[in-house]
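Source file: structure-v7.cif (mmCIF, C-alpha atoms)
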```cif
data_coords
#
loop_
_atom_site.label_atom_id
_atom_site.label_comp_id
_atom_site.auth_asym_id
_atom_site.auth_seq_id
_atom_site.Cartn_x
_atom_site.Cartn_y
_atom_site.Cartn_z
CA MET K 26 317.86 -33.29 -47.16
CA ALA K 27 316.54 -30.72 -44.72
CA LYS K 28 319.03 -29.44 -42.20
CA PRO K 29 318.63 -30.61 -38.60
CA VAL K 30 316.96 -28.25 -36.18
CA THR K 31 319.13 -27.02 -33.33
CA ASP K 32 317.93 -25.37 -30.14
CA ASP K 33 320.12 -22.32 -29.64
CA ARG K 34 318.24 -20.80 -26.71
CA PRO K 35 320.43 -19.99 -23.73
CA PRO K 36 320.05 -22.79 -21.14
CA VAL K 37 318.81 -20.34 -18.50
CA TRP K 38 315.87 -19.49 -20.77
CA LYS K 39 314.77 -23.08 -21.33
CA ASN K 40 311.80 -24.23 -19.28
CA PRO K 41 311.35 -28.03 -19.21
CA MET K 42 307.61 -27.55 -18.62
CA ALA K 43 307.10 -25.04 -21.46
CA TRP K 44 305.33 -27.69 -23.55
CA LEU K 45 302.30 -27.45 -21.24
CA PRO K 46 299.52 -24.91 -21.91
CA HIS K 47 299.52 -24.37 -18.14
CA ALA K 48 303.05 -22.95 -18.45
CA ILE K 49 301.68 -19.95 -20.37
CA ALA K 50 299.43 -19.00 -17.46
CA GLU K 51 302.21 -19.65 -14.96
CA ALA K 52 304.62 -17.47 -16.92
CA ALA K 53 302.14 -14.61 -17.33
CA LEU K 54 301.24 -14.52 -13.64
CA SER K 55 304.63 -15.14 -12.07
CA GLY K 56 307.30 -14.86 -14.78
CA ARG K 57 308.42 -18.39 -13.90
CA GLY K 58 310.42 -20.06 -16.67
CA LEU K 59 311.15 -16.79 -18.50
CA PRO K 60 314.19 -14.48 -18.65
CA ASP K 61 314.35 -11.96 -15.81
CA SER K 62 312.82 -9.21 -17.92
CA VAL K 63 310.87 -9.45 -21.15
CA ASP K 64 309.72 -6.37 -23.05
CA MET K 65 306.90 -6.37 -25.58
CA ARG K 66 308.92 -6.05 -28.79
CA SER K 67 311.54 -8.64 -27.85
CA ALA K 68 308.73 -11.02 -26.81
CA TRP K 69 307.02 -10.56 -30.20
CA ALA K 70 310.30 -11.22 -31.97
CA HIS K 71 310.83 -14.32 -29.83
CA LEU K 72 307.37 -15.61 -30.75
CA GLN K 73 308.14 -15.26 -34.44
CA GLU K 74 311.52 -16.95 -34.03
CA ARG K 75 309.99 -19.90 -32.17
CA LEU K 76 307.25 -20.26 -34.80
CA ALA K 77 309.90 -20.30 -37.54
CA ALA K 78 311.83 -22.95 -35.61
CA ALA K 79 308.63 -24.99 -35.21
CA GLU K 80 307.94 -24.79 -38.95
CA GLU K 81 311.47 -26.01 -39.66
CA LEU K 82 310.94 -28.84 -37.18
CA VAL K 83 307.81 -29.92 -39.09
CA ARG K 84 309.68 -29.67 -42.39
CA SER K 85 312.68 -31.73 -41.25
CA ALA K 86 311.00 -34.26 -38.94
CA PRO K 87 311.65 -37.88 -40.01
CA VAL K 88 307.94 -38.63 -39.60
CA ASN K 89 307.05 -36.13 -42.35
CA ARG K 90 306.99 -38.53 -45.30
CA ASN K 91 304.13 -37.60 -47.61
CA PRO K 92 301.92 -34.60 -48.43
CA THR K 93 299.23 -35.74 -45.97
CA ASP K 94 301.78 -35.88 -43.15
CA ASP K 95 303.16 -32.45 -44.10
CA ALA K 96 299.75 -30.78 -44.30
CA ALA K 97 298.80 -32.27 -40.91
CA GLY K 98 302.05 -30.95 -39.42
CA MET K 99 301.42 -27.40 -40.59
CA ARG K 100 297.80 -27.61 -39.47
CA HIS K 101 299.03 -28.85 -36.09
CA LEU K 102 300.99 -25.61 -35.67
CA MET K 103 297.67 -23.78 -36.06
CA VAL K 104 296.11 -26.09 -33.47
CA LEU K 105 298.91 -25.39 -30.99
CA LEU K 106 298.60 -21.67 -31.64
CA ALA K 107 294.85 -21.92 -31.00
CA VAL K 108 295.41 -23.82 -27.74
CA GLY K 109 298.13 -21.43 -26.57
CA ILE K 110 296.34 -18.24 -27.55
CA ASP K 111 293.15 -19.40 -25.83
CA MET K 112 295.14 -20.10 -22.67
CA ALA K 113 296.93 -16.74 -22.86
CA LEU K 114 293.77 -14.69 -23.41
CA ARG K 115 291.84 -16.39 -20.58
CA ILE K 116 294.50 -15.99 -17.88
CA ASP K 117 292.91 -14.83 -14.66
CA PRO K 118 294.63 -14.74 -11.25
CA ASP K 119 291.19 -15.23 -9.67
CA PRO K 120 289.29 -17.55 -12.09
CA VAL K 121 285.55 -18.01 -11.92
CA LEU K 122 284.91 -21.32 -10.19
CA ALA K 123 283.10 -23.76 -12.48
CA VAL K 124 283.42 -27.25 -13.94
CA THR K 125 283.73 -26.52 -17.65
CA ARG K 126 284.36 -28.44 -20.87
CA ALA K 127 288.07 -28.59 -21.65
CA LYS K 128 289.20 -26.59 -24.70
CA MET K 129 289.62 -29.79 -26.69
CA ASP K 130 287.32 -31.54 -29.14
CA ASP K 131 287.52 -33.44 -32.43
CA VAL K 132 289.09 -30.41 -34.15
CA VAL K 133 291.44 -28.90 -31.57
CA THR K 134 293.42 -31.93 -30.51
CA TRP K 135 296.92 -32.60 -29.21
CA GLY K 136 298.73 -35.19 -27.14
CA LEU K 137 296.64 -38.23 -28.18
CA GLU K 138 293.49 -37.34 -26.28
CA CYS K 139 290.95 -40.15 -25.93
CA PRO K 140 288.29 -40.39 -28.69
CA ASP K 141 285.74 -41.69 -26.16
CA CYS K 142 286.23 -38.92 -23.65
CA VAL K 143 284.50 -35.77 -22.53
CA TYR K 144 287.09 -33.87 -20.48
CA LEU K 145 285.99 -31.39 -17.80
CA ASN K 146 288.20 -29.04 -15.76
CA ALA K 147 287.91 -26.74 -12.76
CA GLU K 148 290.66 -24.30 -11.73
CA MET K 149 291.02 -23.76 -8.00
CA ARG K 150 293.20 -21.82 -5.57
CA ALA K 151 295.68 -23.10 -3.03
CA GLY K 152 294.50 -22.97 0.58
CA GLU K 153 290.80 -23.27 -0.21
CA THR K 154 288.28 -26.09 0.37
CA TYR K 155 285.74 -26.98 -2.31
CA ARG K 156 282.66 -29.15 -2.63
CA LEU K 157 282.04 -31.05 -5.86
CA SER K 158 278.41 -32.15 -6.28
CA GLY K 159 276.71 -33.98 -9.07
CA ASN K 160 275.14 -37.01 -10.63
CA ARG K 161 277.14 -39.81 -12.17
CA ARG K 162 274.78 -40.35 -15.12
CA THR K 163 275.67 -43.20 -17.51
CA ALA K 164 279.24 -42.86 -18.81
CA ARG K 165 281.18 -46.13 -18.72
CA TYR K 166 283.89 -44.51 -16.59
CA VAL K 167 283.93 -41.25 -14.64
CA GLY K 168 287.38 -40.51 -13.22
CA LEU K 169 288.26 -37.61 -10.92
CA GLN K 170 291.84 -36.37 -10.75
CA THR K 171 293.48 -33.46 -8.98
CA MET K 172 296.59 -32.06 -10.59
CA ASP K 173 299.49 -29.77 -9.79
CA GLY K 174 300.38 -28.38 -13.19
CA MET K 175 300.42 -31.52 -15.32
CA ALA K 176 301.35 -34.02 -12.58
CA ALA K 177 298.56 -36.08 -11.05
CA THR K 178 298.28 -35.71 -7.27
CA ALA K 179 295.15 -37.79 -6.47
CA ASN K 180 292.73 -40.05 -8.34
CA CYS K 181 289.45 -41.80 -7.75
CA LEU K 182 286.52 -43.17 -9.70
CA VAL K 183 283.09 -41.78 -8.95
CA ASP K 184 282.01 -45.40 -8.56
CA ASP K 185 284.37 -45.65 -5.55
CA LEU K 186 282.53 -42.84 -3.74
CA GLU K 187 279.52 -42.96 -1.48
CA MET K 188 276.49 -42.23 -3.68
CA ASP K 189 272.76 -42.38 -3.20
CA GLY K 190 270.55 -44.76 -5.17
CA ASP K 191 270.09 -42.22 -7.97
CA GLY K 192 273.83 -41.67 -8.53
CA ASN K 193 274.08 -38.35 -6.67
CA PHE K 194 277.23 -37.63 -4.68
CA GLU K 195 279.27 -34.93 -2.95
CA LEU K 196 283.04 -34.78 -2.53
CA LEU K 197 285.37 -32.38 -0.69
CA LEU K 198 288.65 -31.20 -2.22
CA SER K 199 291.25 -29.68 0.09
CA ALA K 200 294.82 -29.94 1.33
CA GLU K 201 293.60 -31.31 4.69
CA GLU K 202 292.01 -34.74 4.83
CA HIS K 203 288.27 -34.98 5.51
CA PRO K 204 286.14 -38.00 6.40
CA GLY K 205 283.99 -39.46 3.65
CA ASN K 206 284.38 -38.55 0.00
CA TRP K 207 287.58 -36.49 -0.30
CA LEU K 208 290.41 -35.70 -2.76
CA ARG K 209 293.65 -33.98 -1.87
CA LEU K 210 294.64 -30.64 -3.41
CA THR K 211 298.29 -29.64 -3.71
CA GLY K 212 300.26 -27.03 -5.63
CA ASP K 213 300.00 -23.30 -6.13
CA ARG K 214 297.20 -23.54 -8.73
CA PRO K 215 295.47 -26.90 -8.35
CA VAL K 216 293.19 -28.19 -11.08
CA LEU K 217 290.44 -30.80 -11.07
CA THR K 218 290.22 -32.91 -14.23
CA VAL K 219 287.20 -35.12 -14.89
CA ARG K 220 287.28 -37.82 -17.56
CA ASN K 221 284.00 -39.24 -18.86
CA PHE K 222 284.77 -42.26 -21.06
CA LEU K 223 281.81 -43.27 -23.22
CA TYR K 224 281.55 -46.89 -24.48
CA ASP K 225 278.22 -46.50 -26.28
CA TRP K 226 278.44 -43.11 -27.98
CA ASP K 227 274.71 -43.03 -28.72
CA THR K 228 273.31 -43.62 -25.25
CA GLU K 229 275.85 -42.81 -22.53
CA ARG K 230 276.01 -39.35 -20.99
CA PRO K 231 278.80 -37.64 -19.02
CA ALA K 232 278.40 -36.73 -15.36
CA ALA K 233 276.58 -33.53 -14.41
CA LEU K 234 278.78 -31.59 -11.95
CA THR K 235 278.92 -28.32 -10.02
CA ILE K 236 281.63 -27.00 -7.69
CA GLU K 237 281.60 -24.40 -4.92
CA ARG K 238 284.00 -23.00 -2.36
CA VAL K 239 283.21 -23.80 1.28
CA GLY K 240 284.60 -22.45 4.53
CA GLY K 241 285.41 -18.99 5.88
CA GLN K 242 286.86 -15.99 4.12
CA PRO K 243 288.40 -16.77 0.73
CA VAL K 244 292.14 -16.58 0.22
CA PRO K 245 292.96 -13.11 -1.19
CA ALA K 246 293.45 -13.01 -4.94
CA GLU K 247 296.95 -12.51 -6.27
CA PRO K 248 297.77 -8.93 -7.23
CA ALA K 249 297.23 -8.22 -10.92
CA VAL K 250 300.31 -8.02 -13.14
CA GLU K 251 300.70 -4.83 -15.17
CA PRO K 252 299.24 -5.37 -18.67
CA GLU K 253 302.47 -4.57 -20.51
CA VAL K 254 304.31 -7.13 -18.39
CA SER K 255 301.60 -9.79 -18.62
CA VAL K 256 301.16 -9.54 -22.40
CA ALA K 257 304.91 -9.61 -23.03
CA ARG K 258 305.18 -12.74 -20.89
CA GLN K 259 302.23 -14.33 -22.71
CA LEU K 260 303.82 -13.72 -26.13
CA TYR K 261 307.15 -15.12 -25.03
CA ALA K 262 305.60 -18.20 -23.37
CA LEU K 263 303.31 -18.79 -26.38
CA GLY K 264 306.33 -19.18 -28.64
CA GLU K 265 307.93 -21.56 -26.17
CA PHE K 266 304.75 -23.63 -25.91
CA VAL K 267 304.18 -24.11 -29.65
CA HIS K 268 307.76 -25.16 -30.33
CA ASP K 269 308.30 -27.25 -27.21
CA ASN K 270 304.94 -29.03 -27.35
CA LEU K 271 305.64 -30.03 -30.95
CA LYS K 272 309.12 -31.26 -30.02
CA PHE K 273 307.96 -33.05 -26.87
CA PHE K 274 305.37 -35.18 -28.64
CA LEU K 275 307.63 -35.91 -31.60
CA ASP K 276 310.12 -37.35 -29.10
CA PHE K 277 307.32 -39.12 -27.23
CA GLY K 278 306.05 -40.78 -30.39
CA ALA K 279 309.53 -42.04 -31.24
CA MET K 280 309.67 -44.17 -28.07
CA ALA K 281 307.88 -47.10 -29.70
CA PRO K 282 309.40 -49.27 -32.45
CA ALA K 283 307.97 -49.15 -35.95
CA ASN K 284 304.88 -51.37 -36.15
CA GLY K 285 305.21 -52.42 -32.53
CA PHE K 286 304.31 -51.51 -28.95
CA ILE K 287 306.21 -50.92 -25.73
CA PRO K 288 305.06 -52.32 -22.34
CA PRO K 289 302.46 -50.36 -20.35
CA ALA K 290 303.82 -47.31 -18.59
CA ASP K 291 302.86 -45.02 -15.72
CA MET K 292 302.13 -41.69 -17.41
CA SER K 293 300.64 -39.92 -14.37
CA SER K 294 303.52 -37.41 -14.36
CA MET K 295 302.27 -36.33 -17.80
CA GLY K 296 298.68 -36.02 -16.68
CA ALA K 297 297.39 -39.56 -17.24
CA ALA K 298 295.11 -41.05 -14.62
CA ALA K 299 296.87 -43.40 -12.20
CA GLU K 300 294.43 -46.22 -13.01
CA ASN K 301 295.16 -45.91 -16.76
CA ARG K 302 297.87 -48.23 -18.09
CA PRO K 303 298.58 -47.01 -21.62
CA VAL K 304 300.30 -49.34 -24.09
CA ILE K 305 301.96 -47.13 -26.71
CA GLY K 306 302.83 -48.15 -30.25
CA ARG K 307 303.76 -46.71 -33.63
CA PHE K 308 302.70 -47.71 -37.13
CA GLU K 309 304.86 -47.12 -40.18
CA LEU K 310 303.49 -48.37 -43.50
CA ASP K 311 304.47 -48.11 -47.13
CA PRO K 312 301.81 -47.75 -49.83
CA GLY K 313 300.05 -51.06 -50.34
CA GLN K 314 300.77 -52.31 -46.82
CA ALA K 315 298.51 -53.00 -43.83
CA LEU K 316 299.23 -53.75 -40.19
CA VAL K 317 297.41 -56.50 -38.31
CA VAL K 318 297.23 -55.88 -34.54
CA GLU K 319 295.91 -58.55 -32.18
CA PHE K 320 295.57 -59.11 -28.44
CA GLU K 321 293.32 -60.77 -25.91
CA PRO K 322 290.98 -58.04 -24.69
CA PRO K 323 291.42 -57.22 -21.00
CA THR K 324 288.55 -57.56 -18.56
CA GLY K 325 287.60 -54.55 -16.50
CA VAL K 326 286.14 -51.07 -16.64
CA TYR K 327 287.42 -49.74 -19.99
CA TRP K 328 289.74 -50.42 -22.90
CA SER K 329 290.14 -48.92 -26.35
CA ILE K 330 292.63 -48.69 -29.19
CA SER K 331 293.08 -45.50 -31.20
CA LEU K 332 295.39 -43.98 -33.82
CA GLY K 333 297.22 -40.68 -33.93
CA ASN K 334 298.90 -38.94 -36.85
CA PRO K 335 302.69 -38.31 -36.93
CA TRP K 336 302.23 -35.20 -34.75
CA LEU K 337 300.27 -37.15 -32.11
CA GLU K 338 296.93 -35.63 -32.89
CA THR K 339 294.24 -38.27 -32.51
CA ILE K 340 293.03 -38.91 -36.06
CA ASN K 341 289.58 -37.38 -36.40
CA TYR K 342 287.30 -40.03 -34.94
CA GLY K 343 284.04 -38.61 -36.27
CA ARG K 344 285.09 -38.62 -39.90
CA HIS K 345 287.23 -41.79 -39.67
CA GLN K 346 286.98 -45.09 -37.83
CA SER K 347 290.33 -44.35 -36.21
CA SER K 348 289.38 -45.81 -32.82
CA LEU K 349 287.39 -48.68 -31.36
CA ASN K 350 286.58 -49.41 -27.72
CA GLY K 351 285.54 -52.54 -25.88
CA HIS K 352 281.89 -51.93 -26.76
CA GLN K 353 282.46 -51.12 -30.44
CA ALA K 354 285.10 -53.70 -31.37
CA VAL K 355 284.29 -57.23 -32.49
CA THR K 356 286.04 -60.11 -30.71
CA ASP K 357 286.78 -63.26 -32.72
CA ARG K 358 285.51 -66.67 -31.66
CA ASP K 359 288.93 -67.61 -30.26
CA GLY K 360 288.68 -64.70 -27.80
CA MET K 361 291.15 -62.45 -29.62
CA ALA K 362 290.53 -58.93 -30.85
CA ARG K 363 292.15 -58.28 -34.24
CA PHE K 364 292.43 -54.93 -36.00
CA VAL K 365 293.62 -53.93 -39.46
CA LEU K 366 295.38 -50.57 -39.90
CA SER K 367 295.38 -49.32 -43.47
CA GLU K 368 294.61 -46.34 -45.65
CA SER K 369 291.90 -48.16 -47.62
CA ASP K 370 288.95 -50.05 -46.17
CA PRO K 371 289.70 -53.82 -46.19
CA GLY K 372 286.07 -54.70 -45.49
CA VAL K 373 286.68 -56.06 -41.99
CA ALA K 374 284.66 -54.75 -39.06
CA ASN K 375 287.71 -53.86 -36.92
CA TRP K 376 289.34 -51.56 -39.47
CA LEU K 377 291.38 -48.63 -38.10
CA ASP K 378 291.70 -45.87 -40.70
CA THR K 379 295.15 -44.28 -41.01
CA ALA K 380 293.54 -41.43 -42.99
CA GLY K 381 296.38 -41.37 -45.53
CA HIS K 382 299.19 -40.97 -43.02
CA SER K 383 302.37 -42.94 -43.64
CA ASN K 384 303.03 -43.32 -39.93
CA GLY K 385 301.68 -42.35 -36.55
CA ALA K 386 300.86 -43.42 -33.02
CA MET K 387 298.84 -46.35 -31.69
CA LEU K 388 297.49 -46.28 -28.14
CA LEU K 389 295.82 -49.11 -26.23
CA ARG K 390 294.19 -47.64 -23.12
CA CYS K 391 293.50 -50.04 -20.26
CA VAL K 392 291.63 -48.51 -17.31
CA ARG K 393 290.94 -50.60 -14.20
CA THR K 394 291.49 -53.82 -16.19
CA ASP K 395 292.95 -57.17 -15.16
CA SER K 396 295.77 -56.79 -17.68
CA ALA K 397 297.33 -54.36 -20.11
CA PRO K 398 298.39 -56.62 -23.00
CA VAL K 399 301.18 -55.74 -25.41
CA PRO K 400 299.62 -56.50 -28.82
CA ASP K 401 301.22 -58.71 -31.44
CA THR K 402 301.65 -57.09 -34.84
CA ARG K 403 302.55 -58.08 -38.38
CA VAL K 404 302.79 -56.15 -41.65
CA VAL K 405 301.02 -57.76 -44.59
CA PRO K 406 300.30 -56.69 -48.18
CA PHE K 407 296.93 -54.95 -48.25
CA ALA K 408 295.78 -57.39 -50.92
CA ASP K 409 296.41 -60.29 -48.50
CA VAL K 410 294.59 -58.89 -45.45
CA VAL K 411 291.59 -61.21 -45.60
CA ALA K 412 293.80 -64.28 -46.05
CA ALA K 413 295.89 -63.21 -43.03
CA LEU K 414 292.85 -63.24 -40.71
CA PRO K 415 290.74 -66.12 -39.33
CA ALA K 416 288.03 -67.34 -41.66
CA ASP K 417 285.30 -66.22 -39.24
CA THR K 418 286.56 -62.61 -39.01
CA ALA K 419 283.61 -60.20 -38.98
CA THR K 420 283.29 -58.29 -42.24
CA THR K 421 281.25 -55.33 -43.38
CA THR K 422 279.91 -53.87 -46.63
CA PRO K 423 280.57 -50.35 -47.97
CA ALA K 424 276.98 -49.42 -47.15
CA GLU K 425 277.30 -50.69 -43.58
CA ARG K 426 280.60 -48.84 -43.16
CA ALA K 427 279.02 -45.64 -44.39
CA ARG K 428 276.25 -46.02 -41.78
CA VAL K 429 278.83 -46.59 -39.03
CA ILE K 430 280.83 -43.50 -40.03
CA GLU K 431 277.67 -41.40 -40.21
CA GLY K 432 276.74 -42.63 -36.74
CA ARG K 433 280.17 -41.69 -35.41
CA ARG K 434 279.95 -38.23 -37.01
CA ARG K 435 276.51 -37.64 -35.51
CA ALA K 436 277.53 -38.86 -32.04
CA VAL K 437 280.64 -36.66 -31.97
CA HIS K 438 278.57 -33.66 -33.04
CA GLU K 439 276.10 -34.34 -30.25
CA ARG K 440 278.95 -34.70 -27.75
CA PHE K 441 280.71 -31.43 -28.52
CA TYR K 442 278.35 -29.09 -30.34
CA ARG K 443 274.97 -29.41 -28.60
#
```
Structure encoded using structure tokens:
Amino acid sequence: MAKPVTDDRPPVWKNPMAWLPHAIAEAALSGRGLPDSVDMRSAWAHLQERLAAAEELVRSAPVNRNPTDDAAGMRHLMVLLAVGIDMALRIDPDPVLAVTRAKMDDVVTWGLECPDCVYLNAEMRAGETYRLSGNRRTARYVGLQTMDGMAATANCLVDDLEMDGDGNFELLLSAEEHPGNWLRLTGDRPVLTVRNFLYDWDTERPAALTIERVGGQPVPAEPAVEPEVSVARQLYALGEFVHDNLKFFLDFGAMAPANGFIPPADMSSMGAAAENRPVIGRFELDPGQALVVEFEPPTGVYWSISLGNPWLETINYGRHQSSLNGHQAVTDRDGMARFVLSESDPGVANWLDTAGHSNGAMLLRCVRTDSAPVPDTRVVPFADVVAALPADTATTTPAERARVIEGRRRAVHERFYR
């Protein structure tokens, strides 16, 4: 049995927010969350030590149960390195103002991001006023959220704003309240996050947005940190991020019981939108088993169910049918939505592909809905799946499934790579 991983860092060096990519930028610019002084060579050594501790955490984690789980865990360390290095290299005390695609897609994924979503971000500066302009376009849901670090500070839906008949709108973002369309900014380095949830992947399009600073003279930029100090801080914080992000989401995934869900929770302190009521679950299956999940679909703006691997990466949703939303899923005649989680295709329309993982996360997202149901679940032998479902359950052929998967792959490519 692998030895348990212990965290032997001095308490004064531990930063409870180190699991956030944002913490790397914060550490590089201000030194917050780091020892009083960090030199280049000790920071490099610390990075290597934290990577070794992260590898041992993957090796010894209880969720690491088969070769597929293990390979995904080691790959996830590369993903976290990619996320952290990108953040470190792009640190700028005076960032160029733009609404840009978040550094997350179907390949670089962490923290159970939504398979239906196009995420957009804009970094801003405290004390400034900004104007967000754009057109709503056709996404099922367009949510605007201002954040201080990872904590949500204000939320609204574009549909709640004053718009013209063509879907055009303007909105002010500032610390001081303004009449009309307005969102509050707080924190030292406020961020705007935009979520475009797509129900119909083939036809819906995310909002088109631009942002500009308004008002008098801009707030002076922060003084630049000396390169040797900044890089040393980046290396140190990168090691903290990779290890602590891995540990954070392993603990997060363990909240739910095996093959069950916990009641909906407010996750806005972790960056979730206030109007999103996530219902979190965990699957844990032996070879030859399947999990039947059922609930009455909520009525409202958006709902979906998706799977993550043991490391809380959303299972690749272009190559696998690992998610279904309220537009894609089939509802049975009795009004219930039923899903089958399994490694092999059972031939039912609402199959959720575990992609060979022995265990992982389940997430039912309910956004502006009349309820957030806690699904019922039962484990059945894979050979008995069809018998465990209503006789009128929608089925599909291998050829039809192949067309669906090809359509998903094409839609995801169009979303992220065009």
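Shortest atom-to-atom contact with Asp184 (chain K) among K:Arg393, K:Arg363, K:Arg358, K:His268: K:Arg393, counting only C-alpha atoms.
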| task | Could you give me, as number ranges by chain, the residues that sit within 10 Å of (284.7, -20.3, -0.1) in the file's coordinates, counting all atoms listed in the file? | result | K: 153-156, 237-244
| query | Please, which residues are within 12 Å of (307.3, -42.1, -24.8) by the file's coordinates, counting all atoms listed in the file, and could they come as a list in words? | reply | Gly136, Leu137, Phe273, Phe274, Leu275, Asp276, Phe277, Gly278, Ala279, Met280, Ala281, Pro282, Phe286, Ile287, Pro288, Pro289, Ala290, Asp291, Met292, Met295, Pro303, Val304, Ile305, Gly306, Arg307, Leu337, Ala386, Met387 and Leu388 of chain K
| query | Rounded to one decimal in Å, what is the spacing between CA of Asn89 (chain K) and CA of Asn334 (chain K)? | reply | 10.2 Å
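Each of K:Asp401, K:Glu425, K:Glu51, K:Glu187 was compared to Asp213 (chain K) using all atoms listed in the file, and K:Glu51 turns out to be the nearest.
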For the file shown, what are the residues hit by the PyMOL selection byres ((chain K and resi 322) around 7), laid out as a CSV table (one decimal) with C-alpha atoms, in the frame of the given file?
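Done, and the output landed in part00.csv:
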```
chain,number,residue,atom,x,y,z
K,320,PHE,CA,295.6,-59.1,-28.4
K,321,GLU,CA,293.3,-60.8,-25.9
K,323,PRO,CA,291.4,-57.2,-21.0
K,324,THR,CA,288.6,-57.6,-18.6
K,361,MET,CA,291.2,-62.4,-29.6
K,362,ALA,CA,290.5,-58.9,-30.8
```
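If you apply the PyMOL selection byres ((chain K and resi 429) around 12) to this structure, you end up with Trp226, Asp227, Tyr342, Gly343, Arg344, His345, Gln346, Leu349, Gln353, Ala374, Asn375, Trp376, Thr421, Thr422, Pro423, Ala424, Glu425, Arg426, Ala427, Arg428, Ile430, Glu431, Gly432, Arg433, Arg434, Arg435 and Ala436 of chain K.
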Take the residues from that selection and put them in a file with C-alpha atoms, as a PDB file, in the frame of the given file.
```pdb
ATOM      1  CA  TRP K 226     278.440 -43.110 -27.980  1.00  0.00           C
ATOM      2  CA  ASP K 227     274.710 -43.030 -28.720  1.00  0.00           C
ATOM      3  CA  TYR K 342     287.300 -40.030 -34.940  1.00  0.00           C
ATOM      4  CA  GLY K 343     284.040 -38.610 -36.270  1.00  0.00           C
ATOM      5  CA  ARG K 344     285.090 -38.620 -39.900  1.00  0.00           C
ATOM      6  CA  HIS K 345     287.230 -41.790 -39.670  1.00  0.00           C
ATOM      7  CA  GLN K 346     286.980 -45.090 -37.830  1.00  0.00           C
ATOM      8  CA  LEU K 349     287.390 -48.680 -31.360  1.00  0.00           C
ATOM      9  CA  GLN K 353     282.460 -51.120 -30.440  1.00  0.00           C
ATOM     10  CA  ALA K 374     284.660 -54.750 -39.060  1.00  0.00           C
ATOM     11  CA  ASN K 375     287.710 -53.860 -36.920  1.00  0.00           C
ATOM     12  CA  TRP K 376     289.340 -51.560 -39.470  1.00  0.00           C
ATOM     13  CA  THR K 421     281.250 -55.330 -43.380  1.00  0.00           C
ATOM     14  CA  THR K 422     279.910 -53.870 -46.630  1.00  0.00           C
ATOM     15  CA  PRO K 423     280.570 -50.350 -47.970  1.00  0.00           C
ATOM     16  CA  ALA K 424     276.980 -49.420 -47.150  1.00  0.00           C
ATOM     17  CA  GLU K 425     277.300 -50.690 -43.580  1.00  0.00           C
ATOM     18  CA  ARG K 426     280.600 -48.840 -43.160  1.00  0.00           C
ATOM     19  CA  ALA K 427     279.020 -45.640 -44.390  1.00  0.00           C
ATOM     20  CA  ARG K 428     276.250 -46.020 -41.780  1.00  0.00           C
ATOM     21  CA  ILE K 430     280.830 -43.500 -40.030  1.00  0.00           C
ATOM     22  CA  GLU K 431     277.670 -41.400 -40.210  1.00  0.00           C
ATOM     23  CA  GLY K 432     276.740 -42.630 -36.740  1.00  0.00           C
ATOM     24  CA  ARG K 433     280.170 -41.690 -35.410  1.00  0.00           C
ATOM     25  CA  ARG K 434     279.950 -38.230 -37.010  1.00  0.00           C
ATOM     26  CA  ARG K 435     276.510 -37.640 -35.510  1.00  0.00           C
ATOM     27  CA  ALA K 436     277.530 -38.860 -32.040  1.00  0.00           C
TER      28      ALA K 436
END
```
| query | Selected by the PyMOL selection byres ((chain K and resi 180) around 8) in the shown coordinates: which residues, as number ranges by chain? | reply | K: 168-171, 177-179, 181-182, 208, 298-300
Can you tell me, as an mmCIF file with C-alpha atoms, keeping the file's coordinate frame, what residues are no more than 6 Å from Val365 (chain K) when counting all atoms listed in the file, ignoring any on the same chain fewer than 3 positions away?
```cif
data_model
loop_
_atom_site.group_PDB
_atom_site.id
_atom_site.type_symbol
_atom_site.label_atom_id
_atom_site.label_comp_id
_atom_site.auth_asym_id
_atom_site.auth_seq_id
_atom_site.Cartn_x
_atom_site.Cartn_y
_atom_site.Cartn_z
ATOM 1 C CA LEU K 316 299.230 -53.750 -40.190
ATOM 2 C CA VAL K 317 297.410 -56.500 -38.310
ATOM 3 C CA TRP K 376 289.340 -51.560 -39.470
ATOM 4 C CA LEU K 377 291.380 -48.630 -38.100
#
```
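CA of Asn341 (chain K) is found 28.9 Å from CA of Pro415 (chain K).
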